[in-house]
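Raw contents of run_31.pdb, PDB, C-alpha atoms:
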```pdb
ATOM      1  CA  MET V  13     -37.038  -5.865  -7.048
ATOM      2  CA  THR V  14     -33.563  -5.968  -5.514
ATOM      3  CA  PRO V  15     -31.355  -2.872  -5.532
ATOM      4  CA  ALA V  16     -28.516  -2.813  -8.017
ATOM      5  CA  TYR V  17     -25.030  -2.800  -6.534
ATOM      6  CA  PHE V  18     -22.072  -1.467  -8.399
ATOM      7  CA  SER V  19     -18.763  -3.257  -8.268
ATOM      8  CA  VAL V  20     -16.043  -0.644  -8.293
ATOM      9  CA  SER V  21     -12.651  -1.986  -9.216
ATOM     10  CA  LYS V  22      -9.769   0.272  -8.324
ATOM     11  CA  ASP V  23      -7.342  -0.154 -11.210
ATOM     12  CA  VAL V  24      -4.983   2.647 -10.262
ATOM     13  CA  ILE V  25      -1.256   2.942  -9.775
ATOM     14  CA  GLU V  26      -0.231   4.720  -6.560
ATOM     15  CA  LEU V  27       2.976   6.749  -6.747
ATOM     16  CA  ILE V  28       4.855   9.347  -4.726
ATOM     17  CA  GLY V  29       6.087  12.571  -6.270
ATOM     18  CA  VAL V  30       7.131  16.172  -5.765
ATOM     19  CA  VAL V  31       5.039  19.109  -6.988
ATOM     20  CA  MET V  32       7.058  21.096  -9.534
ATOM     21  CA  GLU V  33       4.580  23.766 -10.725
ATOM     22  CA  SER V  34       1.144  25.039  -9.766
ATOM     23  CA  TYR V  35      -1.461  25.866 -12.424
ATOM     24  CA  PRO V  36      -4.986  27.328 -12.173
ATOM     25  CA  ASN V  37      -8.003  25.208 -11.198
ATOM     26  CA  ALA V  38      -6.125  23.054  -8.653
ATOM     27  CA  THR V  39      -3.868  21.512 -11.292
ATOM     28  CA  PHE V  40      -0.206  20.722 -10.728
ATOM     29  CA  ARG V  41       2.864  19.422 -12.556
ATOM     30  CA  VAL V  42       4.263  16.553 -10.460
ATOM     31  CA  LYS V  43       7.579  14.732 -10.897
ATOM     32  CA  VAL V  44       7.367  11.108  -9.764
ATOM     33  CA  THR V  45      10.015   9.912  -7.304
ATOM     34  CA  SER V  46       8.749   6.325  -6.856
ATOM     35  CA  GLU V  47      10.804   3.501  -8.316
ATOM     36  CA  GLN V  48       7.912   2.334 -10.543
ATOM     37  CA  ALA V  49       8.060   5.459 -12.752
ATOM     38  CA  LYS V  50      11.159   7.397 -11.685
ATOM     39  CA  ASP V  51      11.457  10.944 -13.171
ATOM     40  CA  HIS V  52       8.121  10.693 -15.024
ATOM     41  CA  GLU V  53       6.146  13.966 -15.063
ATOM     42  CA  LEU V  54       2.370  14.042 -14.729
ATOM     43  CA  LEU V  55      -0.318  16.692 -14.884
ATOM     44  CA  CYS V  56      -2.350  16.130 -11.701
ATOM     45  CA  HIS V  57      -5.498  17.589 -10.192
ATOM     46  CA  LEU V  58      -6.653  17.533  -6.580
ATOM     47  CA  ALA V  59      -8.936  14.752  -5.411
ATOM     48  CA  GLY V  60     -12.403  15.751  -4.224
ATOM     49  CA  ARG V  61     -11.692  15.124  -0.537
ATOM     50  CA  MET V  62      -8.699  17.454  -0.689
ATOM     51  CA  ARG V  63     -10.764  20.178  -2.357
ATOM     52  CA  VAL V  64     -13.533  19.867   0.228
ATOM     53  CA  ASN V  65     -11.048  20.069   3.109
ATOM     54  CA  ARG V  66      -9.155  22.909   1.382
ATOM     55  CA  VAL V  67      -5.748  21.242   1.557
ATOM     56  CA  ARG V  68      -3.137  23.653   0.221
ATOM     57  CA  ILE V  69      -0.505  22.339  -2.163
ATOM     58  CA  LEU V  70       2.615  24.350  -2.976
ATOM     59  CA  PRO V  71       5.559  23.658  -5.290
ATOM     60  CA  GLY V  72       8.057  21.476  -3.447
ATOM     61  CA  ASP V  73       5.436  19.492  -1.505
ATOM     62  CA  ARG V  74       5.704  15.696  -1.460
ATOM     63  CA  VAL V  75       2.420  14.062  -2.465
ATOM     64  CA  LYS V  76       0.860  10.660  -3.007
ATOM     65  CA  LEU V  77      -0.925  10.369  -6.333
ATOM     66  CA  GLU V  78      -3.022   7.928  -8.280
ATOM     67  CA  MET V  79      -2.519   7.285 -11.966
ATOM     68  CA  THR V  80      -4.794   5.231 -14.169
ATOM     69  CA  PRO V  81      -3.159   2.789 -16.584
ATOM     70  CA  TYR V  82      -5.295   4.198 -19.405
ATOM     71  CA  ASP V  83      -3.697   7.680 -19.456
ATOM     72  CA  LEU V  84      -0.096   7.759 -18.249
ATOM     73  CA  ASN V  85       0.226  11.553 -18.450
ATOM     74  CA  LYS V  86      -2.498  12.507 -15.952
ATOM     75  CA  GLY V  87      -3.062  11.767 -12.290
ATOM     76  CA  ARG V  88      -4.929  12.683  -9.120
ATOM     77  CA  ILE V  89      -3.292  13.957  -5.918
ATOM     78  CA  ILE V  90      -4.794  12.058  -2.994
ATOM     79  CA  TYR V  91      -2.487  12.956  -0.073
ATOM     80  CA  ARG V  92       0.063  15.623   0.904
ATOM     81  CA  PHE V  93       2.857  14.437   3.184
ATOM     82  CA  LEU V  94       3.940  16.581   6.107
ATOM     83  CA  ALA V  95       7.268  18.373   5.656
ATOM     84  CA  ASN V  96       9.205  16.342   8.261
ATOM     85  CA  ALA V  97       7.352  13.032   7.963
ATOM     86  CA  PRO V  98       9.149  10.015   6.493
ATOM     87  CA  ILE V  99       7.512   8.664   3.355
ATOM     88  CA  PRO V 100       6.126   5.154   3.828
ATOM     89  CA  SER V 101       6.841   2.533   1.206
ATOM     90  CA  LEU V 102       4.012   1.886  -1.258
ATOM     91  CA  GLN V 103       4.921  -1.759  -1.703
ATOM     92  CA  GLU V 104       2.919  -4.408   0.088
ATOM     93  CA  PRO V 105       4.312  -5.229   3.530
ATOM     94  CA  ALA V 106       6.088  -8.543   3.764
ATOM     95  CA  SER V 107       3.937 -11.256   5.263
ATOM     96  CA  ALA V 108       4.654 -12.177   8.850
ATOM     97  CA  PRO V 109       6.778 -15.285   9.300
ATOM     98  CA  THR V 110       4.700 -18.354   9.900
ATOM     99  CA  PRO V 111       5.050 -19.870  13.367
ATOM    100  CA  PRO V 112       6.456 -23.396  13.613
ATOM    101  CA  PRO V 113       3.829 -26.157  13.704
ATOM    102  CA  VAL V 114       2.690 -27.253  17.128
ATOM    103  CA  THR V 115       3.359 -30.876  17.870
ATOM    104  CA  PRO V 116       1.120 -32.669  20.365
ATOM    105  CA  SER V 117       2.985 -33.936  23.444
TER     106      SER V 117
END
```

Render the structure in this file as structure tokens.
Amino acid sequence: MTPAYFSVSKDVIELIGVVMESYPNATFRVKVTSEQAKDHELLCHLAGRMRVNRVRILPGDRVKLEMTPYDLNKGRIIYRFLANAPIPSLQEPASAPTPPPVTPS
């Protein structure tokens, strides 16, 4: 008998936001600053990796979060940006220009 493999599809929307409020049980109110959902507020909880590594989140922190398309009011914080670090763009990088074709000489 062959082992069963699970296909995990990641249907999430990644956004960047700012933590507005902190609630008990590692829950936060986050205001989205990304262009996809500008000024939308979500109720977010910490991802498991961040809980295990005891990452501290305070109001005012910039975070990356995941939101499922099934519930647009809740999300999961997956990364906390450093205070001075520039925020990378979440859009796909533009493909590299294709080189000109090589002609045989």

- Item | Best match for closeness to Ile25 in chain V among V:His57, V:Arg88, V:Arg74, V:Arg68, counting only C-alpha atoms | V:Arg88

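You will find CA of Leu94 in chain V at 13.2 Å from CA of Gly29 in chain V.
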
- Output the residue selection produced by the PyMOL selection byres ((chain V and resi 40) around 8) on the file above, formatted as an MDAnalysis selection string. chainID V and resid 31:35 38:39 41:42 55:57

- Task: Find the residues near Ala97 in chain V: any atom within 12 Å, counting all atoms listed in the file, skip ones fewer than 2 places away on the same chain, and give them as a list in words.
- Result: Asp73, Arg74, Val75, Arg92, Phe93, Leu94, Ala95, Ile99 and Pro100 of chain V

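Evaluated on this file, the PyMOL selection byres ((chain V and resi 62) around 12) matches Ala38, His57, Leu58, Ala59, Gly60, Arg61, Arg63, Val64, Asn65, Arg66, Val67, Arg68, Ile69, Val75, Lys76, Leu77, Arg88, Ile89, Ile90, Tyr91 and Arg92 of chain V.
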
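What separates CA of Glu47 in chain V from CA of Pro71 in chain V is a distance of 21.0 Å.
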
- Given the choices V:Val114, V:Leu27, V:Leu70, V:Met79, which gets closest to Gln48 in chain V if the distance is worked out from only C-alpha atoms? V:Leu27

- Query: Could you work out how far CA of Pro36 in chain V lies from CA of Glu78 in chain V, giving the answer in Å with one decimal?
  - Reply: 19.9 Å

Once 5 Å is added on each side, what centre and edge lengths in Å to one decimal does the axis-aligned box around all listed atoms of range 41-60 of chain V have, as AutoDock Vina command-line options?
```
--center_x -0.5 --center_y 10.9 --center_z -9.6 --size_x 33.9 --size_y 27.1 --size_z 20.8
```

Since the input lacks some atoms of range 36-72 of chain V, please model N, CA and C atoms and print them as a compact mmCIF listing (two decimals), keeping the file's coordinate frame.
```txt
# COMPACT_ATOMS: atom_id res chain seq x y z
N PRO V 36 -3.62 27.00 -12.63
CA PRO V 36 -4.99 27.33 -12.17
C PRO V 36 -5.87 26.09 -12.07
N ASN V 37 -6.99 26.25 -11.36
CA ASN V 37 -8.00 25.21 -11.20
C ASN V 37 -7.47 23.97 -10.49
N ALA V 38 -6.64 24.16 -9.48
CA ALA V 38 -6.12 23.05 -8.65
C ALA V 38 -5.44 21.98 -9.50
N THR V 39 -4.62 22.41 -10.43
CA THR V 39 -3.87 21.51 -11.29
C THR V 39 -2.39 21.73 -11.04
N PHE V 40 -1.61 20.65 -11.08
CA PHE V 40 -0.21 20.72 -10.73
C PHE V 40 0.63 19.86 -11.66
N ARG V 41 1.89 20.25 -11.85
CA ARG V 41 2.86 19.42 -12.56
C ARG V 41 3.64 18.70 -11.47
N VAL V 42 3.64 17.36 -11.50
CA VAL V 42 4.26 16.55 -10.46
C VAL V 42 5.32 15.65 -11.09
N LYS V 43 6.50 15.63 -10.46
CA LYS V 43 7.58 14.73 -10.90
C LYS V 43 7.59 13.53 -9.97
N VAL V 44 7.47 12.34 -10.54
CA VAL V 44 7.37 11.11 -9.76
C VAL V 44 8.74 10.73 -9.22
N THR V 45 8.77 10.35 -7.93
CA THR V 45 10.02 9.91 -7.30
C THR V 45 9.98 8.43 -6.94
N SER V 46 8.86 7.76 -7.15
CA SER V 46 8.75 6.32 -6.86
C SER V 46 9.57 5.53 -7.86
N GLU V 47 9.98 4.35 -7.45
CA GLU V 47 10.80 3.50 -8.32
C GLU V 47 10.03 2.99 -9.53
N GLN V 48 8.69 2.88 -9.43
CA GLN V 48 7.91 2.33 -10.54
C GLN V 48 7.98 3.21 -11.79
N ALA V 49 8.07 4.53 -11.61
CA ALA V 49 8.06 5.46 -12.75
C ALA V 49 8.98 6.64 -12.44
N LYS V 50 10.22 6.36 -12.12
CA LYS V 50 11.16 7.40 -11.68
C LYS V 50 11.31 8.48 -12.75
N ASP V 51 11.26 9.76 -12.33
CA ASP V 51 11.46 10.94 -13.17
C ASP V 51 10.38 11.14 -14.24
N HIS V 52 9.25 10.49 -14.10
CA HIS V 52 8.12 10.69 -15.02
C HIS V 52 7.34 11.91 -14.54
N GLU V 53 6.91 12.78 -15.45
CA GLU V 53 6.15 13.97 -15.06
C GLU V 53 4.69 13.80 -15.45
N LEU V 54 3.80 14.17 -14.52
CA LEU V 54 2.37 14.04 -14.73
C LEU V 54 1.69 15.38 -14.52
N LEU V 55 0.56 15.56 -15.14
CA LEU V 55 -0.32 16.69 -14.88
C LEU V 55 -1.41 16.18 -13.96
N CYS V 56 -1.45 16.68 -12.72
CA CYS V 56 -2.35 16.13 -11.70
C CYS V 56 -3.34 17.18 -11.22
N HIS V 57 -4.52 16.72 -10.83
CA HIS V 57 -5.50 17.59 -10.19
C HIS V 57 -5.76 17.07 -8.79
N LEU V 58 -6.37 17.91 -7.96
CA LEU V 58 -6.65 17.53 -6.58
C LEU V 58 -7.86 16.62 -6.52
N ALA V 59 -7.80 15.64 -5.65
CA ALA V 59 -8.94 14.75 -5.41
C ALA V 59 -10.04 15.53 -4.71
N GLY V 60 -11.25 15.06 -4.79
CA GLY V 60 -12.40 15.75 -4.22
C GLY V 60 -12.31 15.97 -2.73
N ARG V 61 -11.82 14.97 -1.99
CA ARG V 61 -11.69 15.12 -0.54
C ARG V 61 -10.74 16.25 -0.19
N MET V 62 -9.68 16.40 -0.98
CA MET V 62 -8.70 17.45 -0.69
C MET V 62 -9.26 18.83 -1.02
N ARG V 63 -10.11 18.91 -2.03
CA ARG V 63 -10.76 20.18 -2.36
C ARG V 63 -11.75 20.57 -1.26
N VAL V 64 -12.53 19.60 -0.80
CA VAL V 64 -13.53 19.87 0.23
C VAL V 64 -12.86 20.35 1.51
N ASN V 65 -11.75 19.70 1.88
CA ASN V 65 -11.05 20.07 3.11
C ASN V 65 -10.05 21.21 2.91
N ARG V 66 -10.01 21.77 1.73
CA ARG V 66 -9.15 22.91 1.38
C ARG V 66 -7.69 22.68 1.74
N VAL V 67 -7.16 21.54 1.34
CA VAL V 67 -5.75 21.24 1.56
C VAL V 67 -4.94 22.07 0.56
N ARG V 68 -3.96 22.79 1.07
CA ARG V 68 -3.14 23.65 0.22
C ARG V 68 -1.92 22.87 -0.27
N ILE V 69 -1.66 22.99 -1.56
CA ILE V 69 -0.50 22.34 -2.16
C ILE V 69 0.38 23.44 -2.76
N LEU V 70 1.66 23.38 -2.45
CA LEU V 70 2.62 24.35 -2.98
C LEU V 70 3.73 23.62 -3.71
N PRO V 71 4.41 24.29 -4.63
CA PRO V 71 5.56 23.66 -5.29
C PRO V 71 6.60 23.24 -4.25
N GLY V 72 7.10 22.03 -4.40
CA GLY V 72 8.06 21.48 -3.45
C GLY V 72 7.44 20.49 -2.48
```
